[in-house]
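**Student:** Provided herewith: run-v4.tsv, TSV, C-alpha atoms and all ligand atoms.
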chain	number	residue	atom	x	y	z
A	6	MET	CA	-2.13	9.27	-14.84
A	7	THR	CA	-4.03	7.23	-17.34
A	8	HIS	CA	-6.06	4.28	-16.18
A	9	ALA	CA	-6.92	3.34	-19.73
A	10	GLY	CA	-5.49	-0.16	-19.55
A	11	GLN	CA	-6.96	-0.93	-16.14
A	12	GLU	CA	-8.62	-4.30	-15.92
A	13	PRO	CA	-12.24	-4.49	-14.89
A	14	ARG	CA	-12.79	-6.02	-11.49
A	15	ARG	CA	-13.30	-9.73	-11.60
A	16	GLY	CA	-15.93	-11.89	-10.00
A	17	GLY	CA	-15.58	-14.83	-7.58
A	18	HIS	CA	-16.71	-14.96	-3.99
A	19	VAL	CA	-13.86	-16.66	-2.20
A	20	ILE	CA	-10.51	-14.97	-2.47
A	21	ARG	CA	-7.60	-16.85	-0.98
A	22	GLY	CA	-4.21	-15.40	-0.21
A	23	GLN	CA	-1.69	-17.57	-2.04
A	24	GLY	CA	1.42	-15.46	-1.84
A	25	ARG	CA	3.43	-17.19	0.86
A	26	ALA	CA	7.15	-16.52	0.92
A	27	PRO	CA	9.08	-19.75	1.50
A	28	GLY	CA	9.59	-20.44	5.17
A	29	HIS	CA	7.55	-17.43	6.14
A	30	HIS	CA	4.77	-17.57	8.71
A	31	ALA	CA	1.88	-15.41	7.63
A	32	GLY	CA	1.11	-12.79	10.24
A	33	ALA	CA	4.34	-13.33	12.13
A	34	ALA	CA	6.15	-10.38	10.68
A	35	THR	CA	5.28	-7.65	13.07
A	36	SER	CA	8.66	-7.20	14.71
A	37	GLY	CA	12.32	-7.59	13.89
A	38	GLY	CA	11.60	-6.98	10.22
A	39	LEU	CA	13.47	-5.20	7.48
A	40	LEU	CA	11.14	-2.22	7.74
A	41	GLN	CA	9.47	-1.07	10.92
A	42	VAL	CA	7.24	1.97	10.92
A	43	GLU	CA	5.88	3.15	14.24
A	44	GLY	CA	3.46	5.96	15.03
A	45	LEU	CA	3.88	7.62	11.63
A	46	SER	CA	1.87	10.81	11.18
A	47	ILE	CA	1.97	12.92	8.02
A	48	GLY	CA	0.43	16.33	7.53
A	49	PRO	CA	1.07	19.98	6.79
A	50	PRO	CA	3.93	21.59	8.74
A	51	PRO	CA	2.60	22.85	12.11
A	52	GLU	CA	2.97	26.52	11.11
A	53	ARG	CA	0.58	25.99	8.18
A	54	GLY	CA	-2.03	24.08	10.18
A	55	GLY	CA	-4.52	21.62	8.73
A	56	ARG	CA	-5.32	18.01	9.39
A	57	LEU	CA	-3.08	14.97	9.24
A	58	VAL	CA	-3.46	12.80	6.14
A	59	VAL	CA	-1.85	9.77	7.83
A	60	GLU	CA	-2.09	9.28	11.57
A	61	SER	CA	-0.23	7.02	14.02
A	62	LEU	CA	0.43	4.33	11.46
A	63	ASP	CA	2.40	1.17	12.29
A	64	LEU	CA	3.75	-1.22	9.66
A	65	ALA	CA	6.39	-3.95	9.57
A	66	ILE	CA	7.78	-5.97	6.67
A	67	CYS	CA	10.22	-8.90	6.80
A	68	PRO	CA	12.64	-9.93	4.02
A	69	GLY	CA	10.78	-11.88	1.34
A	70	GLU	CA	7.40	-10.73	2.59
A	71	VAL	CA	4.70	-8.90	0.62
A	72	LEU	CA	2.52	-6.49	2.57
A	73	ALA	CA	-0.43	-5.08	0.64
A	74	LEU	CA	-1.71	-1.64	1.58
A	75	VAL	CA	-5.28	-1.24	0.34
A	76	GLY	CA	-7.96	1.39	0.76
A	77	GLU	CA	-9.98	3.82	-1.27
A	78	SER	CA	-8.68	6.85	-3.07
A	79	GLY	CA	-7.33	9.54	-0.74
A	80	SER	CA	-6.89	7.23	2.24
A	81	GLY	CA	-3.16	8.04	2.47
A	82	LYS	CA	-1.46	5.06	0.77
A	83	THR	CA	0.80	7.06	-1.53
A	84	MET	CA	1.75	9.58	1.17
A	85	THR	CA	2.71	6.64	3.40
A	86	ALA	CA	4.86	5.18	0.62
A	87	LEU	CA	6.55	8.49	-0.23
A	88	SER	CA	7.32	9.18	3.42
A	89	LEU	CA	9.39	5.99	3.61
A	90	LEU	CA	11.86	7.62	1.21
A	91	ARG	CA	11.28	11.14	2.57
A	92	LEU	CA	9.88	12.15	-0.81
A	93	LEU	CA	6.69	13.81	0.39
A	94	PRO	CA	5.35	16.78	-1.60
A	95	ASP	CA	6.30	20.19	-0.13
A	96	VAL	CA	2.90	20.65	1.45
A	97	PHE	CA	3.44	17.73	3.85
A	98	ASP	CA	5.96	16.71	6.52
A	99	ILE	CA	6.49	13.68	8.68
A	100	CYS	CA	4.99	15.10	11.87
A	101	ALA	CA	5.69	12.18	14.20
A	102	GLY	CA	6.93	8.61	14.26
A	103	SER	CA	9.85	6.43	13.37
A	104	ILE	CA	10.81	4.64	10.12
A	105	ARG	CA	13.51	2.05	10.72
A	106	PHE	CA	14.91	0.35	7.64
A	107	ASP	CA	17.63	-2.28	7.81
A	108	GLY	CA	18.60	-1.11	11.30
A	109	ARG	CA	18.78	2.60	10.45
A	110	GLU	CA	16.38	5.45	11.14
A	111	ILE	CA	15.24	7.02	7.86
A	112	CYS	CA	13.89	10.11	9.66
A	113	ASP	CA	17.41	10.97	10.92
A	114	MET	CA	19.29	10.42	7.65
A	115	ALA	CA	21.14	13.20	5.89
A	116	GLU	CA	20.30	13.79	2.23
A	117	THR	CA	23.48	12.00	1.04
A	118	GLN	CA	22.58	8.87	3.02
A	119	LEU	CA	19.02	9.07	1.73
A	120	ASN	CA	20.25	9.18	-1.86
A	121	GLU	CA	22.05	5.89	-1.31
A	122	VAL	CA	18.89	4.30	0.00
A	123	ARG	CA	16.60	5.75	-2.68
A	124	GLY	CA	16.80	3.57	-5.76
A	125	GLY	CA	19.52	1.51	-4.03
A	126	LYS	CA	18.36	-0.52	-1.03
A	127	ILE	CA	14.79	0.65	-1.56
A	128	GLY	CA	13.36	0.65	-5.08
A	129	MET	CA	10.15	2.49	-5.83
A	130	ILE	CA	7.58	2.11	-8.55
A	131	PHE	CA	5.70	5.41	-8.53
A	132	GLN	CA	2.01	5.79	-9.22
A	133	GLN	CA	2.62	8.17	-12.12
A	134	PRO	CA	5.48	6.57	-14.05
A	135	GLN	CA	5.54	8.96	-17.01
A	136	ALA	CA	5.83	11.97	-14.70
A	137	MET	CA	8.68	10.33	-12.81
A	138	LEU	CA	10.85	9.50	-15.84
A	139	ASP	CA	13.39	12.08	-16.96
A	140	PRO	CA	12.13	13.52	-20.30
A	141	THR	CA	15.66	14.50	-21.38
A	142	ALA	CA	17.37	11.07	-21.15
A	143	THR	CA	16.63	7.85	-23.01
A	144	VAL	CA	14.83	5.26	-20.92
A	145	GLY	CA	17.69	2.79	-21.37
A	146	SER	CA	20.21	5.29	-20.03
A	147	GLN	CA	18.00	5.93	-16.99
A	148	VAL	CA	17.98	2.24	-16.08
A	149	ALA	CA	21.73	1.98	-16.87
A	150	GLU	CA	22.49	5.02	-14.69
A	151	SER	CA	20.91	3.30	-11.70
A	152	LEU	CA	23.01	0.18	-12.39
A	153	ARG	CA	26.20	2.26	-12.57
A	154	LEU	CA	25.39	4.20	-9.42
A	155	HIS	CA	24.16	1.46	-7.16
A	156	ARG	CA	25.80	-1.69	-8.56
A	157	ARG	CA	29.00	-0.04	-9.74
A	158	LEU	CA	28.76	-1.56	-13.24
A	159	ASN	CA	30.84	-0.01	-16.01
A	160	GLN	CA	29.02	1.78	-18.80
A	161	ARG	CA	29.03	-1.16	-21.22
A	162	ASP	CA	27.83	-3.74	-18.67
A	163	ALA	CA	25.23	-1.32	-17.35
A	164	ARG	CA	23.80	-0.81	-20.84
A	165	SER	CA	23.59	-4.50	-21.62
A	166	ARG	CA	22.07	-5.32	-18.20
A	167	ALA	CA	19.56	-2.46	-18.75
A	168	VAL	CA	18.43	-4.06	-22.02
A	169	GLU	CA	18.16	-7.43	-20.27
A	170	LEU	CA	15.97	-5.87	-17.58
A	171	LEU	CA	13.72	-4.27	-20.20
A	172	ARG	CA	13.30	-7.72	-21.73
A	173	GLU	CA	12.46	-9.21	-18.31
A	174	VAL	CA	9.66	-6.69	-17.76
A	175	GLY	CA	8.18	-7.56	-21.15
A	176	ILE	CA	9.31	-4.64	-23.35
A	177	PRO	CA	9.30	-5.84	-26.97
A	178	GLU	CA	12.46	-5.09	-29.01
A	179	PRO	CA	14.28	-3.87	-25.87
A	180	GLU	CA	17.51	-2.82	-27.66
A	181	GLU	CA	15.55	-0.38	-29.80
A	182	ARG	CA	13.21	0.74	-27.02
A	183	ALA	CA	16.15	1.52	-24.74
A	184	ARG	CA	16.96	4.40	-27.12
A	185	ASN	CA	13.48	5.95	-26.78
A	186	TYR	CA	12.47	8.86	-24.54
A	187	ALA	CA	9.62	8.83	-22.02
A	188	HIS	CA	7.25	10.73	-24.37
A	189	GLN	CA	7.60	7.92	-26.92
A	190	MET	CA	6.27	5.38	-24.42
A	191	SER	CA	2.69	4.35	-23.75
A	192	GLY	CA	1.53	4.43	-20.11
A	193	GLY	CA	2.03	0.68	-19.82
A	194	MET	CA	5.54	0.84	-21.30
A	195	ALA	CA	6.54	3.69	-18.97
A	196	GLN	CA	5.27	1.64	-16.06
A	197	ARG	CA	7.47	-1.30	-17.10
A	198	ILE	CA	10.50	0.97	-17.52
A	199	MET	CA	9.92	2.21	-13.97
A	200	ILE	CA	9.69	-1.40	-12.74
A	201	ALA	CA	12.98	-2.24	-14.50
A	202	ALA	CA	14.64	0.83	-12.96
A	203	ALA	CA	13.29	-0.02	-9.50
A	204	LEU	CA	14.64	-3.58	-9.69
A	205	SER	CA	17.94	-2.63	-11.30
A	206	ALA	CA	19.87	-2.07	-8.05
A	207	ASP	CA	18.71	-5.37	-6.47
A	208	PRO	CA	16.89	-3.52	-3.67
A	209	LYS	CA	16.04	-5.17	-0.36
A	210	LEU	CA	12.64	-3.47	-0.33
A	211	LEU	CA	10.44	-2.58	-3.27
A	212	ILE	CA	7.67	-0.04	-2.80
A	213	ALA	CA	5.20	-0.66	-5.60
A	214	ASP	CA	2.42	1.94	-5.84
A	215	GLU	CA	-0.23	0.57	-8.20
A	216	PRO	CA	2.48	-1.23	-10.21
A	217	THR	CA	0.22	-2.77	-12.82
A	218	THR	CA	-2.68	-0.33	-13.30
A	219	ALA	CA	-1.75	0.69	-16.84
A	220	LEU	CA	-0.94	-2.83	-18.03
A	221	ASP	CA	-3.05	-5.27	-19.98
A	222	VAL	CA	-3.85	-8.56	-18.34
A	223	THR	CA	-1.06	-10.63	-19.91
A	224	VAL	CA	1.68	-8.11	-19.12
A	225	GLN	CA	0.21	-7.71	-15.64
A	226	ALA	CA	0.53	-11.47	-15.07
A	227	GLN	CA	4.12	-11.34	-16.33
A	228	ILE	CA	5.02	-8.50	-13.93
A	229	LEU	CA	3.36	-10.20	-10.97
A	230	ALA	CA	5.27	-13.41	-11.75
A	231	LEU	CA	8.52	-11.40	-11.94
A	232	LEU	CA	7.87	-9.74	-8.55
A	233	ASP	CA	6.98	-13.10	-7.03
A	234	ARG	CA	10.18	-14.63	-8.42
A	235	GLU	CA	12.27	-11.76	-7.02
A	236	ARG	CA	10.86	-12.12	-3.54
A	237	ARG	CA	11.23	-15.91	-3.54
A	238	ASN	CA	14.70	-16.06	-5.11
A	239	ARG	CA	16.37	-13.25	-3.25
A	240	GLN	CA	14.04	-12.41	-0.38
A	241	LEU	CA	12.89	-9.10	-1.84
A	242	ALA	CA	10.39	-7.48	0.55
A	243	ILE	CA	7.51	-5.66	-1.15
A	244	LEU	CA	5.10	-2.97	0.01
A	245	LEU	CA	2.35	-3.39	-2.56
A	246	ILE	CA	-0.21	-0.63	-2.96
A	247	THR	CA	-3.18	-1.59	-5.07
A	248	HIS	CA	-6.92	-1.27	-5.50
A	249	ASP	CA	-7.08	-4.71	-7.11
A	250	LEU	CA	-7.85	-7.38	-4.53
A	251	THR	CA	-7.17	-10.11	-7.08
A	252	ILE	CA	-3.55	-8.95	-7.16
A	253	VAL	CA	-3.50	-8.87	-3.36
A	254	SER	CA	-4.75	-12.44	-3.21
A	255	SER	CA	-2.14	-13.68	-5.66
A	256	LEU	CA	0.90	-11.94	-4.16
A	257	ALA	CA	0.41	-10.68	-0.61
A	258	ASP	CA	1.27	-12.40	2.66
A	259	ARG	CA	-0.39	-9.76	4.78
A	260	VAL	CA	-2.87	-6.96	4.19
A	261	ALA	CA	-3.26	-3.58	5.91
A	262	VAL	CA	-6.50	-1.74	5.12
A	263	MET	CA	-6.42	2.07	5.29
A	264	TYR	CA	-9.33	4.41	5.76
A	265	ALA	CA	-9.02	8.21	6.10
A	266	GLY	CA	-5.37	8.08	7.15
A	267	ARG	CA	-5.74	5.21	9.61
A	268	ILE	CA	-5.10	1.48	9.44
A	269	VAL	CA	-8.50	-0.04	10.22
A	270	GLU	CA	-7.73	-3.75	9.77
A	271	GLU	CA	-4.56	-5.79	9.46
A	272	GLY	CA	-3.65	-9.46	9.25
A	273	PRO	CA	-2.65	-12.38	7.01
A	274	ALA	CA	-4.03	-12.00	3.48
A	275	GLU	CA	-6.00	-15.22	3.63
A	276	SER	CA	-7.85	-14.17	6.80
A	277	ILE	CA	-8.51	-10.60	5.75
A	278	LEU	CA	-9.71	-11.53	2.27
A	279	ASN	CA	-11.91	-14.40	3.39
A	280	GLU	CA	-13.14	-13.35	6.82
A	281	PRO	CA	-12.78	-9.59	7.20
A	282	ARG	CA	-14.25	-8.23	10.43
A	283	HIS	CA	-14.10	-4.46	9.94
A	284	PRO	CA	-17.24	-3.13	8.18
A	285	TYR	CA	-15.11	-1.07	5.78
A	286	THR	CA	-13.01	-4.08	4.72
A	287	GLN	CA	-16.19	-6.09	4.31
A	288	ALA	CA	-17.65	-3.33	2.11
A	289	LEU	CA	-14.43	-3.09	0.09
A	290	LEU	CA	-14.57	-6.81	-0.61
A	291	ARG	CA	-18.23	-6.67	-1.54
A	292	CYS	CA	-17.41	-3.90	-4.03
A	293	SER	CA	-14.60	-5.89	-5.56
A	294	ILE	CA	-16.40	-9.13	-6.25
A	295	LEU	CA	-19.15	-7.74	-8.44
A	296	GLU	CA	-21.75	-8.81	-5.94
A	297	ALA	CA	-25.15	-8.30	-7.49
A	298	ILE	CA	-27.84	-7.20	-5.08
A	299	ASP	CA	-31.38	-5.96	-5.59
A	300	ASP	CA	-31.85	-7.19	-9.14
A	301	GLN	CA	-28.35	-6.87	-10.50
A	302	LEU	CA	-27.41	-3.56	-8.90
A	303	LEU	CA	-23.75	-3.55	-8.03
A	304	TYR	CA	-22.82	-2.91	-4.42
A	305	SER	CA	-21.10	0.35	-3.63
A	306	ILE	CA	-20.08	1.82	-0.27
A	307	PRO	CA	-22.44	4.68	0.61
A	308	SER	CA	-20.52	7.89	0.07
A	309	VAL	CA	-20.64	11.02	2.19
A	310	THR	CA	-18.72	14.25	2.25
A	311	GLU	CA	-16.67	14.18	5.41
A	312	SER	CA	-16.46	17.23	7.58
A	313	GLY	CA	-13.52	18.07	9.86
A	314	ASP	CA	-15.55	16.74	12.81
A	315	ASP	CA	-15.74	13.28	11.23
A	316	ILE	CA	-11.98	13.04	11.51
A	317	VAL	CA	-11.52	14.73	14.87
A	318	LYS	CA	-13.97	12.69	16.95
A	319	GLY	CA	-15.34	9.18	16.85
A	320	CYS	CA	-14.90	6.43	14.26
A	321	ARG	CA	-13.96	7.90	10.90
A	322	PHE	CA	-16.14	5.41	9.03
A	323	ARG	CA	-19.28	5.98	11.09
A	324	ARG	CA	-21.25	8.06	8.57
A	325	ARG	CA	-20.97	5.28	6.01
A	326	CYS	CA	-21.29	2.35	8.35
A	327	THR	CA	-24.48	0.34	8.58
A	328	THR	CA	-23.10	-1.97	11.28
A	329	ALA	CA	-23.17	0.78	13.91
A	330	ASP	CA	-26.95	1.20	13.59
A	331	GLU	CA	-27.59	-2.52	13.22
A	332	HIS	CA	-25.93	-3.07	16.59
A	333	GLY	CA	-27.29	0.04	18.23
A	334	ILE	CA	-23.84	1.45	18.95
A	335	PHE	CA	-23.88	4.55	16.78
A	336	GLU	CA	-23.64	6.89	19.77
A	337	MET	CA	-20.50	5.17	20.96
A	338	CYS	CA	-19.04	5.20	17.43
A	339	GLU	CA	-19.76	8.90	17.24
A	340	GLN	CA	-18.14	9.73	20.57
A	341	ASP	CA	-14.93	7.69	20.62
A	342	GLU	CA	-12.54	6.43	18.00
A	343	PRO	CA	-11.78	2.74	18.55
A	344	ARG	CA	-8.18	1.55	18.85
A	345	LEU	CA	-6.63	-1.02	16.54
A	346	SER	CA	-7.17	-4.15	18.66
A	347	ARG	CA	-6.39	-7.82	18.16
A	348	TYR	CA	-9.48	-9.94	17.50
A	349	ASN	CA	-7.56	-13.20	17.12
A	350	GLU	CA	-3.90	-14.24	17.28
A	351	VAL	CA	-2.94	-12.62	13.99
A	352	CYS	CA	-5.57	-10.05	12.99
A	353	SER	CA	-6.46	-6.60	14.32
A	354	ALA	CA	-9.31	-4.21	13.62
A	355	ARG	CA	-10.31	-0.71	14.66
A	356	CYS	CA	-14.02	-1.13	15.34
A	357	TRP	CA	-16.22	-1.14	18.43
A	358	ALA	CA	-18.36	-3.91	16.98
A	359	VAL	CA	-15.32	-6.18	16.71
A	360	SER	CA	-13.75	-5.41	20.09
A	361	CYS	CA	-15.46	-7.43	22.79
A	362	PRO	CA	-14.48	-8.53	26.28
A	363	GLU	CA	-14.44	-12.26	25.47
A	364	ASN	CA	-11.29	-12.00	23.35
A	365	GLY	CA	-9.60	-9.70	25.85
A	366	THR	CA	-8.21	-7.44	23.17
A	367	ALA	CA	-10.14	-4.23	23.59
A	368	GLY	CA	-7.41	-2.83	25.82
A	369	SER	CA	-7.61	0.15	28.11
A	370	GLY	CA	-8.73	2.40	25.26
A	371	GLY	CA	-11.83	0.24	24.69
A	372	PRO	CA	-15.38	1.21	25.58
A	373	PRO	CA	-16.82	0.59	29.05
A	374	PRO	CA	-17.62	-3.12	29.60
A	375	ASP	CA	-21.41	-2.68	29.52
A	376	ARG	CA	-21.17	-1.23	26.02
A	377	MET	CA	-18.85	-3.86	24.60
A	378	ASP	CA	-20.96	-6.99	24.33
A	379	VAL	CA	-21.82	-6.46	20.70
A	380	PRO	CA	-21.99	-9.46	18.36
A	381	LEU	CA	-20.80	-8.78	14.84
B	401	LIG	N1	0.44	17.25	-3.49
B	401	LIG	C1	-0.58	17.27	-2.62
B	401	LIG	N2	-1.03	18.44	-2.11
B	401	LIG	C2	-2.06	18.50	-1.22
B	401	LIG	N3	-2.73	17.40	-0.79
B	401	LIG	C3	-2.34	16.21	-1.27
B	401	LIG	C4	-1.25	16.07	-2.21
B	401	LIG	N4	-1.11	14.75	-2.51
B	401	LIG	C5	-2.05	14.10	-1.79
B	401	LIG	N5	-2.79	14.96	-1.06
B	401	LIG	C6	-3.90	14.62	-0.14
B	401	LIG	O1	-3.41	13.68	0.82
B	401	LIG	C7	-4.40	12.70	1.12
B	401	LIG	C8	-3.81	11.32	0.91
B	401	LIG	O2	-3.50	11.19	-0.48
B	401	LIG	P1	-2.80	9.91	-1.11
B	401	LIG	O3	-2.26	10.34	-2.45
B	401	LIG	O4	-1.85	9.33	-0.16
B	401	LIG	O5	-4.05	8.93	-1.30
B	401	LIG	P2	-4.06	7.46	-1.92
B	401	LIG	O6	-4.60	6.56	-0.87
B	401	LIG	O7	-2.74	7.12	-2.48
B	401	LIG	O8	-5.17	7.62	-3.06
B	401	LIG	P3	-5.19	6.96	-4.55
B	401	LIG	O9	-5.71	5.58	-4.35
B	401	LIG	O10	-6.16	7.84	-5.28
B	401	LIG	O11	-3.82	7.01	-5.13
B	401	LIG	C9	-5.60	13.02	0.23
B	401	LIG	O12	-6.51	13.75	1.01
B	401	LIG	C10	-5.01	13.88	-0.86
B	401	LIG	O13	-5.97	14.77	-1.34
B	402	LIG	S1	-16.57	1.57	15.16
B	402	LIG	FE1	-18.74	1.76	14.73
B	402	LIG	S2	-18.89	3.14	12.98
B	402	LIG	FE2	-16.79	2.44	13.11
B	402	LIG	S3	-16.68	0.70	11.73
B	402	LIG	FE3	-17.12	-0.10	13.79
B	402	LIG	S4	-19.34	-0.23	13.94
B	402	LIG	FE4	-18.87	1.07	12.18
B	403	MG	MG	-2.05	6.85	-4.39
When written as structure tokens, how does the structure in this file appear?
**Tutor:**
Amino acid sequence: MTHAGQEPRRGGHVIRGQGRAPGHHAGAATSGGLLQVEGLSIGPPPERGGRLVVESLDLAICPGEVLALVGESGSGKTMTALSLLRLLPDVFDICAGSIRFDGREICDMAETQLNEVRGGKIGMIFQQPQAMLDPTATVGSQVAESLRLHRRLNQRDARSRAVELLREVGIPEPEERARNYAHQMSGGMAQRIMIAAALSADPKLLIADEPTTALDVTVQAQILALLDRERRNRQLAILLITHDLTIVSSLADRVAVMYAGRIVEEGPAESILNEPRHPYTQALLRCSILEAIDDQLLYSIPSVTESGDDIVKGCRFRRRCTTADEHGIFEMCEQDEPRLSRYNEVCSARCWAVSCPENGTAGSGGPPPDRMDVPL
């Protein structure tokens, strides 16, 4: 996928979450939501062996809520998203867990039921839009087909609504463009076609995997405004996957941070973006705000090549974490993987340096009491 149109990261030290759905309490949407994922693990089928790429992941999204899933490349964001529609590549299976959507278990659905959900109640903007569009049909007919299938429009109405949708996502001369094929589209255009197709069936949930990476800044703003309008006007829930924390701050209610297949921090966007407690989230934010250190050098998270042992035992971030040494807890971090524990009423983190007895959230999986009194 091309990243040619990707915007450079922007500066600014305080990022505030602004994306509040009307009447929605940030951080309150952890149960009774539209989507509830519990204990989700994804990996190769057992007979093939190999390690899990997503492990014991919990997520919940309410109607009208935007949950941002962030984390570096390879952390498992796309596999999580694809699993929600049971569209994983052949090499992976859902190995454990439950995905409840609108009161029904996705993991138990037959293919026919799944096809009603895919592109119907759940719309998806894929990370590689050009690869996902059918090369043999015009882009207009692909959007119209979704309208006919899921909204039962007749051919004529479907075609005119398809053109309208292309206009809404900022395609110039939409009547003409509707007659084009995918190969005649730029990356940014293909991305907008995919957005139009994903919204065409009025889904209850939109999964948007890097929805604006190939777009220039004005079109990006237009798309973000459209998504915001959809969630406010008709309570569209959105799982937003992005590397761009500026987009997170403008649209998301809550943020879940992934590292090596695990959620390592979760909470309301405003808290996570302004006062992150997990060392990885803190590093991610430092990377994103063009923080100049040591005579204009940009901050980057120290990189290491992970071995199988890094995943099997201890905290997965330990070989890149400076906090562990600063607090003299590296041995503990190397031995045991921390649990995702609440550190205040609405936020959780998976880190020994954050868990401490005073907040009573370390739980039974926490370290022994004499090793827990570690200020952050
Ligand atoms: N088709 C595939 N075959 C084998 N491994 C895969 C495949 N797709 C993804 N993976 C592996 O699964 C893990 C999770 O990948 P995933 O695509 O979910 O990452 P991501 O967080 O979406 O990264 P990015 O930000 O680069 O899109 C990675 O280790 C990746 O190499
Ligand atoms: S558990 Fe230890 S290694 Fe892991 S993020 Fe926290 S301090 Fe760092
Ligand atoms: Mg991805």
**Student:** When you draw a straight line from atom O1 of ligand LIG 401 (chain B) to atom CA of Ser80 of chain A, how long is it in Å?
**Tutor:**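 Computed distance, atom O1 of ligand LIG 401 (chain B) to atom CA of Ser80 of chain A, equals 7.5 Å.
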**Student:** Distance atom CA of Ile268 of chain A-atom CA of His248 of chain A, one decimal place?
**Tutor:**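 Between atom CA of Ile268 of chain A and atom CA of His248 of chain A the gap is 15.3 Å.
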**Student:** Which polymer residues, whether protein, DNA or RNA, lie within 10 Å of the coordinate (-22.7, 0.3, 14.2) when you count only C-alpha atoms? List them as a list in words, using the chain letters and numbers from the file.
**Tutor:** Pro284, Cys320, Phe322, Arg323, Arg324, Arg325, Cys326, Thr327, Thr328, Ala329, Asp330, Glu331, His332, Gly333, Ile334, Phe335, Glu336, Met337, Cys338, Glu339, Cys356, Trp357, Ala358, Val379 and Leu381 of chain A
**Student:** Skip Phe97 of chain A itself and residues of its chain fewer than 5 positions away, then list as a list in words all residues within 9 Å of it, counting all atoms listed in the file.
**Tutor:**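 Surrounding residues, per the criterion: Ile47, Gly48, Pro49, Pro50, Leu57, Val58 and Met84 of chain A.
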**Student:** In Å, rounded to a single decimal, give me how far atom CA of Glu215 of chain A is from atom CA of Thr83 of chain A.
**Tutor:**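 Atom-to-atom, atom CA of Thr83 of chain A to atom CA of Glu215 of chain A, that is 9.4 Å.
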**Student:** Can I get the residues of chain A within 8 Å of ligand MG 403 (chain B), each with the closest pair of atoms and their distance in Å to one decimal, using all atoms listed in the file, sorted chain first then ascending number, as JSON lines?
**Tutor:**
{"residue": "A:Ser78", "atom": "CA", "partner": "B:MG403", "partner_atom": "MG", "distance": 6.8}
{"residue": "A:Gly79", "atom": "CA", "partner": "B:MG403", "partner_atom": "MG", "distance": 7.0}
{"residue": "A:Gly81", "atom": "CA", "partner": "B:MG403", "partner_atom": "MG", "distance": 7.1}
{"residue": "A:Lys82", "atom": "CA", "partner": "B:MG403", "partner_atom": "MG", "distance": 5.5}
{"residue": "A:Thr83", "atom": "CA", "partner": "B:MG403", "partner_atom": "MG", "distance": 4.0}
{"residue": "A:Met84", "atom": "CA", "partner": "B:MG403", "partner_atom": "MG", "distance": 7.3}
{"residue": "A:Gln132", "atom": "CA", "partner": "B:MG403", "partner_atom": "MG", "distance": 6.4}
{"residue": "A:Asp214", "atom": "CA", "partner": "B:MG403", "partner_atom": "MG", "distance": 6.8}
{"residue": "A:Glu215", "atom": "CA", "partner": "B:MG403", "partner_atom": "MG", "distance": 7.6}
{"residue": "A:Ile246", "atom": "CA", "partner": "B:MG403", "partner_atom": "MG", "distance": 7.8}
**Student:** Nearest to ligand LIG 401 (chain B): which of A:Glu52, A:Glu110, A:Glu70, A:Glu60 is it, counting all atoms listed in the file?
**Tutor:**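 That would be A:Glu60, the residue with the smallest distance to ligand LIG 401 (chain B).
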**Student:** Kindly indicate which residue among A:Val148, A:Pro177, A:Val351, A:Leu256 lies nearest to Ser165 of chain A, using all atoms listed in the file for the distances.
**Tutor:** A:Val148
**Student:** Using only C-alpha atoms and all ligand atoms, which of A:Ala265, A:Leu72, A:Cys352, A:Met199 sits nearest ligand LIG 401 (chain B)?
**Tutor:**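 Of all the options, A:Ala265 lies closest to ligand LIG 401 (chain B).
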**Student:** Can you pull out the residues contacting segment 183-185 of chain A? Cut-off 10 Å, using all atoms listed in the file, and skip same-chain residues under 3 positions away; I want them as a list in words.
**Tutor:** Ala142, Thr143, Val144, Gly145, Ser146, Gln147, Val148, Ala149, Arg164, Ala167, Val168, Leu171, Ile176, Glu178, Pro179, Glu180, His188, Gln189, Met190 and Ile198 of chain A
**Student:** May I ask which of the residues A:Ser191, A:Asn159, A:Ser151, A:Thr247 is the closest one to ligand LIG 401 (chain B), counting all atoms listed in the file?
**Tutor:**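 Residue with the minimum atom-to-atom distance to ligand LIG 401 (chain B): A:Thr247.
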**Student:** Which one is closest to Ala86 of chain A: A:Leu278, A:Arg197, A:Leu244, A:Ser293? Count all atoms listed in the file.
**Tutor:**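 Result for the nearest residue to Ala86 of chain A: A:Leu244.
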**Student:** Rank nothing, just name the residue among A:Glu77, A:Glu169, A:Glu150, A:Glu181 nearest to ligand LIG 401 (chain B), using all atoms listed in the file.
**Tutor:**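 So, comparing all the options, the nearest one is A:Glu77.
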**Student:** Residues proximal to (3.3, -1.7, 12.7) were defined as those with any atom within 7 Å of that point in the file's coordinates, counting only C-alpha atoms. Which are they, as an mmCIF file with C-alpha atoms, keeping the file's coordinate frame?
**Tutor:**
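So point-v5.cif came out as:
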data_model
loop_
_atom_site.group_PDB
_atom_site.id
_atom_site.type_symbol
_atom_site.label_atom_id
_atom_site.label_comp_id
_atom_site.auth_asym_id
_atom_site.auth_seq_id
_atom_site.Cartn_x
_atom_site.Cartn_y
_atom_site.Cartn_z
ATOM 1 C CA THR A 35 5.280 -7.650 13.070
ATOM 2 C CA GLN A 41 9.470 -1.070 10.920
ATOM 3 C CA VAL A 42 7.240 1.970 10.920
ATOM 4 C CA GLU A 43 5.880 3.150 14.240
ATOM 5 C CA LEU A 62 0.430 4.330 11.460
ATOM 6 C CA ASP A 63 2.400 1.170 12.290
ATOM 7 C CA LEU A 64 3.750 -1.220 9.660
ATOM 8 C CA ALA A 65 6.390 -3.950 9.570
#
**Student:** Name the residues in contact with Asn238 of chain A at a cut-off of 12 Å, using only C-alpha atoms, excluding same-chain residues fewer than 6 positions from it; report them as a list of chain:residue names.
**Tutor:** A:Ala26, A:Pro27, A:Pro68, A:Gly69, A:Glu70, A:Asp207, A:Lys209, A:Ala230, A:Leu231, A:Leu232
